[in-house]
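Participant: Once you've had a glance at the structure underneath, I'll fire off some questions.
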Amino acid sequence: MFSADASLLIQIVWLILLLLMFTGLYQRIQIKLWILVIKSKLNVIKSVLEEDKNRVKNMLRNMGLSTPEELVSRLLDFFIIEPVSIEPTDIIKRMDHLLRVTESTFKQVVGRYLPSLGKHERSLAESSLSIVAAIGLIYRVLRHYAIQSEKEENYILLMQLMYLMPQILRVVKTYHEALDSFMYGKPIGDGVGPLVAYTLSEKCNITSRRVVDDTSVLEAVYENRRLIIVKAEGPGSNVGHPGAVISRIVEELGGRVDMILTVDAALKLEGEESGLVTEGVGAAIGDPGPEKIAIERVAAKYNIPLRALVVKMDIREALTTMRKKIYDSVGVVVENIERIIKENVPEGSTLIVAGIGNTMGIPG
Amino acid sequence: MSSLEAIAAALFLLVILYFIYDYYLKKKREESTKYVTRELLMCLNCNYRVEQDFEPGDFIGLVKGKCPNCGGLMKIKAIFSVETST
Ligand SMILES: [Zn+2]
C-alpha cells in the first residue's frame, strides 16, 4: 500500500500532466524531441555525403586528376531549370533540349578535367559524380526544412519530416550502395533490359551494327524475320536515346514495322516478388518523357503494336549491382520474347526489340 | 503489493522486453544483408565454367584468362551480386 506522501506526489504529477495537455506545452516538448531526432538523422546523411565525396575524389585522383575538389564542387551544385509547364505547347521538345544540353555539358566539363580518359571510364566518373550530387541535393533540401521548421516551430512540417525520414534514409542508403557499382562499372538491376538485348543478339546472327545517338542498333535475322535490336551503347554507364532512335528507324523504314517490343526494369509493389517477368502493352521506359513519347507517337502514327515486358524489382535492386535473381530472369524474358515473336509476328516481317536501361558493364 | 499491481508490473516488463527484442531483430536483419559481386567465366572451347570474385574493369563479354581445363580463352558470361553466407 502507498503512503500518504506517495499519493500526494502522484497527484502532483497528474496535475502537471493535465496542465501540459491543456496549455499545449506538451507539443513544445515533442517539437524539441523531434528536432533532436531529425538533426541526428541529418548528421547521418551528412557523414554519408562526406564519405561518398571522398570516395569520388579518390577515384578521380586515381584517374589522373590531381586536384579533384574543383570539379566535384562545380558539379555537386549543378541544376536544371524545369521548362515552363503552364504553356505546354512544345514542352517535350523543350524538355528534350534541356536534358540533352545537361548531358553534353556534364560530358564536356568532365572531359575538360580528364582529357586522357577513355569513354567507358569517363562515363563512370560522370555517373559517380551525379550520384554524389543527388545525395547532396537530398541533404540540402532536408537541412532547409529542418532549419525552417525549427525556426518557426512548425509542428506539422516537423511531423512530416519525422515520418518521412526512414524513407529518405533508405533512398540515401541506396545511392550510397549504388556508388560502389558505378565506381567499378558493375552491371546494375536497371541493366536487365540491355542485358536481354545483348543475350538476344548473341543468339542471332548479326548482319549489321551501327551506333546512333549513343545507342546501338543491331540488325539480325531471327527465324526468317528481320529483327532490329536497340540498346544503349555499352559497356560504359549510358542509357542512350532509345526513343529517338526507334522513331528514326521506323521513319527510315517508312513505317513498315510489325511490332515494337520494349524490355525494361519496373518498380515492384511491396509484396511482389523480385525478378518476376510480366507482360503488357505500351512503352516500357522510365525517362522524364521525351523518349517515351517518341516511341508512342511513332507507334500510333503507323499503327504498330506496342508490346512490353518488364522485370519487377525494388529501387535498391534497380540501382545497385544486379542480383542473381534478376540475372536469372534474363533467360525467362528471352523465352517470352521468342514466344511473342512466334505467336504475333509472321515470317518475313520486321520487328524492333529495345532493351531499355543503363547498360553499364554490358557490351554491344 | 496486491495481485493486480503485480500483474500490471509484469505486463509492463513484458512490453519493454518485447520492444528491446524487436529492436534487436531489426538491427540484425539490417546487418545480415551484405552482398558480394561474383562473375561467371565460360570457356569458348569446352564450355567449362568458373565462378570468381569481380575485379574492377571487368564487364560482360570481356575475354579474360585461360581455361584450366583445355587452355582455351574464357569469356565473362555474367556478373551478379549474391548474399554473403556469413
Ligand atoms: Zn576449356
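Chain labels A, B, ... are given in the sequence in which chains occur in the C-alpha cells; within each chain residues are numbered consecutively from 1, and ligands are likewise numbered from 1 in the order shown.
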Do you know which residues are within 12 Å of ligand 1 using only C-alpha atoms and all ligand atoms? Can you write them as JSON, numbers by chain?

Facilitator: {"B": [41, 42, 43, 44, 45, 46, 47, 48, 49, 50, 65, 66, 67, 68, 69, 70, 71, 72, 73, 74, 75]}

Participant: With N, CA and C atoms retained, write the just-selected residues as a short mmCIF file (atom, residue, chain, number, x, y, z; two decimals), in the first residue's frame.

Facilitator:
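Below is the file again_12.cif, written as the result:
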data_model
loop_
_atom_site.label_atom_id
_atom_site.label_comp_id
_atom_site.auth_asym_id
_atom_site.auth_seq_id
_atom_site.Cartn_x
_atom_site.Cartn_y
_atom_site.Cartn_z
N LEU B 41 32.71 -17.08 -65.53
CA LEU B 41 33.50 -17.17 -66.75
C LEU B 41 33.20 -18.48 -67.45
N MET B 42 33.12 -18.42 -68.79
CA MET B 42 32.84 -19.64 -69.53
C MET B 42 33.86 -19.81 -70.64
N CYS B 43 34.38 -21.03 -70.79
CA CYS B 43 35.38 -21.30 -71.83
C CYS B 43 34.69 -21.27 -73.20
N LEU B 44 35.35 -20.63 -74.17
CA LEU B 44 34.77 -20.55 -75.51
C LEU B 44 34.87 -21.89 -76.25
N ASN B 45 35.81 -22.74 -75.80
CA ASN B 45 36.01 -24.05 -76.43
C ASN B 45 35.12 -25.14 -75.87
N CYS B 46 35.26 -25.34 -74.55
CA CYS B 46 34.64 -26.54 -73.96
C CYS B 46 33.53 -26.23 -72.97
N ASN B 47 33.12 -24.93 -72.89
CA ASN B 47 32.03 -24.52 -72.01
C ASN B 47 32.29 -24.79 -70.52
N TYR B 48 33.56 -24.94 -70.15
CA TYR B 48 33.92 -25.10 -68.75
C TYR B 48 33.60 -23.79 -68.02
N ARG B 49 33.03 -23.89 -66.81
CA ARG B 49 32.62 -22.68 -66.09
C ARG B 49 33.44 -22.46 -64.83
N VAL B 50 33.78 -21.20 -64.58
CA VAL B 50 34.47 -20.84 -63.35
C VAL B 50 33.73 -19.66 -62.73
N GLY B 65 41.57 -14.38 -69.37
CA GLY B 65 42.17 -15.58 -68.79
C GLY B 65 42.08 -16.82 -69.67
N LYS B 66 42.73 -17.88 -69.16
CA LYS B 66 42.78 -19.15 -69.89
C LYS B 66 41.95 -20.20 -69.15
N CYS B 67 41.42 -21.14 -69.91
CA CYS B 67 40.62 -22.21 -69.32
C CYS B 67 41.53 -23.20 -68.60
N PRO B 68 41.24 -23.54 -67.34
CA PRO B 68 42.07 -24.51 -66.63
C PRO B 68 41.90 -25.94 -67.17
N ASN B 69 40.88 -26.13 -67.96
CA ASN B 69 40.57 -27.47 -68.47
C ASN B 69 41.30 -27.74 -69.78
N CYS B 70 41.13 -26.81 -70.78
CA CYS B 70 41.69 -27.07 -72.10
C CYS B 70 42.64 -25.98 -72.58
N GLY B 71 42.80 -24.90 -71.80
CA GLY B 71 43.72 -23.84 -72.21
C GLY B 71 43.14 -22.84 -73.19
N GLY B 72 41.86 -22.98 -73.50
CA GLY B 72 41.20 -22.02 -74.40
C GLY B 72 40.91 -20.70 -73.70
N LEU B 73 40.37 -19.74 -74.47
CA LEU B 73 40.06 -18.43 -73.90
C LEU B 73 38.75 -18.48 -73.11
N MET B 74 38.71 -17.69 -72.03
CA MET B 74 37.50 -17.62 -71.21
C MET B 74 36.82 -16.27 -71.42
N LYS B 75 35.48 -16.29 -71.42
CA LYS B 75 34.72 -15.06 -71.62
C LYS B 75 33.79 -14.87 -70.42
#

Participant: Residues of chain A within 8 Å of chain B, counting only C-alpha atoms - could you list those as a count of residues only?

Facilitator: 14

Participant: Please identify the alpha helix (DSSP H) residues within stretch 26-148 of chain A (assignment by DSSP from backbone atoms) and present them as a PyMOL selection string.

Facilitator: chain A and resi 26-62+69-76+91-113+119-148

Participant: Please provide the set of residues having any atom within 12 Å of stretch 207-212 of chain A, restricted to only C-alpha atoms, with same-chain residues fewer than 2 positions apart removed, written as a VMD selection string.

Facilitator: chain A and resid 201 204 to 205 214 to 222 226 to 234 240 to 249 364

Participant: Would you list the contacts of stretch 270-278 of chain A as a list in words, taking every protein, DNA or RNA residue within 6 Å and counting only C-alpha atoms, but skipping same-chain residues closer than 4 positions in sequence?

Facilitator: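 What passes the distance filter is Leu309, Val310, Val311, Lys312, Met313, Lys325, Ile326 and Ser329 of chain A.
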
Participant: Name the closest residue to A:Gly136 among the candidates A:Ile10, A:Leu75, A:Ile29, A:Met360; distances are taken between atoms, counting only C-alpha atoms.

Facilitator: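 Closest to A:Gly136 of all the choices is A:Leu75.
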
Participant: Record the distance separating atom CA of A:Val141 and atom CA of A:Val171, expressed in Å with one decimal.

Facilitator: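 Separation between atom CA of A:Val141 and atom CA of A:Val171: 14.0 Å.
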
Participant: When you look at A:Lys39 with a cut-off of 8 Å (counting only C-alpha atoms), what residues show up, excluding the ones that are within fewer than 4 positions of it in the same chain? I need them as a list in words.

Facilitator: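 These residues fall inside the cut-off: Ile35, Asn43 and Ala146 of chain A.
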
Participant: Would you export the selected residues with all heavy atoms as a short mmCIF file (atom, residue, chain, number, x, y, z; two decimals), in the first residue's frame, please?

Facilitator:
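Listed below is the output, out-v5.cif:
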data_model
loop_
_atom_site.label_atom_id
_atom_site.label_comp_id
_atom_site.auth_asym_id
_atom_site.auth_seq_id
_atom_site.Cartn_x
_atom_site.Cartn_y
_atom_site.Cartn_z
N ILE A 35 13.08 17.58 -33.15
CA ILE A 35 14.22 18.29 -33.73
C ILE A 35 15.51 17.53 -33.45
O ILE A 35 16.36 17.37 -34.33
CB ILE A 35 14.30 19.74 -33.17
CG1 ILE A 35 13.17 20.57 -33.77
CG2 ILE A 35 15.63 20.38 -33.51
CD1 ILE A 35 13.00 21.93 -33.14
N ASN A 43 22.64 14.34 -39.57
CA ASN A 43 24.07 14.12 -39.43
C ASN A 43 24.51 12.82 -40.07
O ASN A 43 25.61 12.73 -40.61
CB ASN A 43 24.47 14.14 -37.95
CG ASN A 43 24.65 15.56 -37.45
OD1 ASN A 43 25.00 16.44 -38.24
ND2 ASN A 43 24.39 15.78 -36.19
N ALA A 146 14.49 21.35 -42.09
CA ALA A 146 14.74 21.16 -40.66
C ALA A 146 14.96 22.51 -39.99
O ALA A 146 14.37 22.80 -38.94
CB ALA A 146 15.95 20.25 -40.46
#

Participant: Determine, counting only C-alpha atoms, which protein, DNA and RNA residues have an atom within 10 Å of an atom of A:Val281; residues of the same chain fewer than 2 positions away are not included. Present the result as a list of chain:residue names.

Facilitator: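 Everything that qualifies: A:Leu261, A:Thr262, A:Glu279, A:Ala283, A:Ala284, A:Pro305, A:Leu306, A:Arg307, A:Ala308, A:Leu309.
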
Participant: Go ahead and save the picked residues with N, CA, C and O atoms, as an mmCIF file, in the first residue's frame.

Facilitator:
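So result.cif came out as:
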data_model
loop_
_atom_site.group_PDB
_atom_site.id
_atom_site.type_symbol
_atom_site.label_atom_id
_atom_site.label_comp_id
_atom_site.auth_asym_id
_atom_site.auth_seq_id
_atom_site.Cartn_x
_atom_site.Cartn_y
_atom_site.Cartn_z
ATOM 1 N N LEU A 261 8.771 -3.958 -79.396
ATOM 2 C CA LEU A 261 8.723 -4.623 -78.091
ATOM 3 C C LEU A 261 9.786 -3.982 -77.194
ATOM 4 O O LEU A 261 10.965 -3.978 -77.545
ATOM 5 N N THR A 262 9.370 -3.407 -76.072
ATOM 6 C CA THR A 262 10.342 -2.814 -75.151
ATOM 7 C C THR A 262 10.487 -3.691 -73.910
ATOM 8 O O THR A 262 9.508 -4.260 -73.430
ATOM 9 N N GLU A 279 4.082 -9.270 -68.626
ATOM 10 C CA GLU A 279 3.868 -8.858 -69.996
ATOM 11 C C GLU A 279 2.778 -7.800 -70.041
ATOM 12 O O GLU A 279 1.859 -7.820 -69.235
ATOM 13 N N ALA A 283 4.858 1.536 -73.921
ATOM 14 C CA ALA A 283 6.300 1.737 -73.997
ATOM 15 C C ALA A 283 6.875 1.606 -72.597
ATOM 16 O O ALA A 283 6.636 2.451 -71.750
ATOM 17 N N ALA A 284 7.629 0.535 -72.355
ATOM 18 C CA ALA A 284 8.235 0.330 -71.040
ATOM 19 C C ALA A 284 9.544 1.101 -70.992
ATOM 20 O O ALA A 284 10.585 0.606 -71.413
ATOM 21 N N PRO A 305 1.767 -2.352 -83.293
ATOM 22 C CA PRO A 305 1.504 -2.852 -81.930
ATOM 23 C C PRO A 305 2.710 -2.587 -81.013
ATOM 24 O O PRO A 305 3.857 -2.821 -81.408
ATOM 25 N N LEU A 306 2.403 -2.085 -79.835
ATOM 26 C CA LEU A 306 3.456 -1.732 -78.877
ATOM 27 C C LEU A 306 3.348 -2.700 -77.706
ATOM 28 O O LEU A 306 2.423 -2.632 -76.920
ATOM 29 N N ARG A 307 4.296 -3.613 -77.603
ATOM 30 C CA ARG A 307 4.243 -4.600 -76.526
ATOM 31 C C ARG A 307 5.383 -4.354 -75.551
ATOM 32 O O ARG A 307 6.410 -3.783 -75.913
ATOM 33 N N ALA A 308 5.221 -4.800 -74.306
ATOM 34 C CA ALA A 308 6.234 -4.554 -73.286
ATOM 35 C C ALA A 308 6.423 -5.770 -72.383
ATOM 36 O O ALA A 308 5.480 -6.500 -72.102
ATOM 37 N N LEU A 309 7.662 -5.974 -71.973
ATOM 38 C CA LEU A 309 7.978 -6.985 -70.965
ATOM 39 C C LEU A 309 8.757 -6.279 -69.863
ATOM 40 O O LEU A 309 9.676 -5.497 -70.155
#

Participant: If you run DSSP on this backbone, which residues of stretch 23-247 of chain A come out as strand (DSSP E or B), and could you give them as number ranges by chain?

Facilitator: A: 188, 205-212, 215-222, 225-232
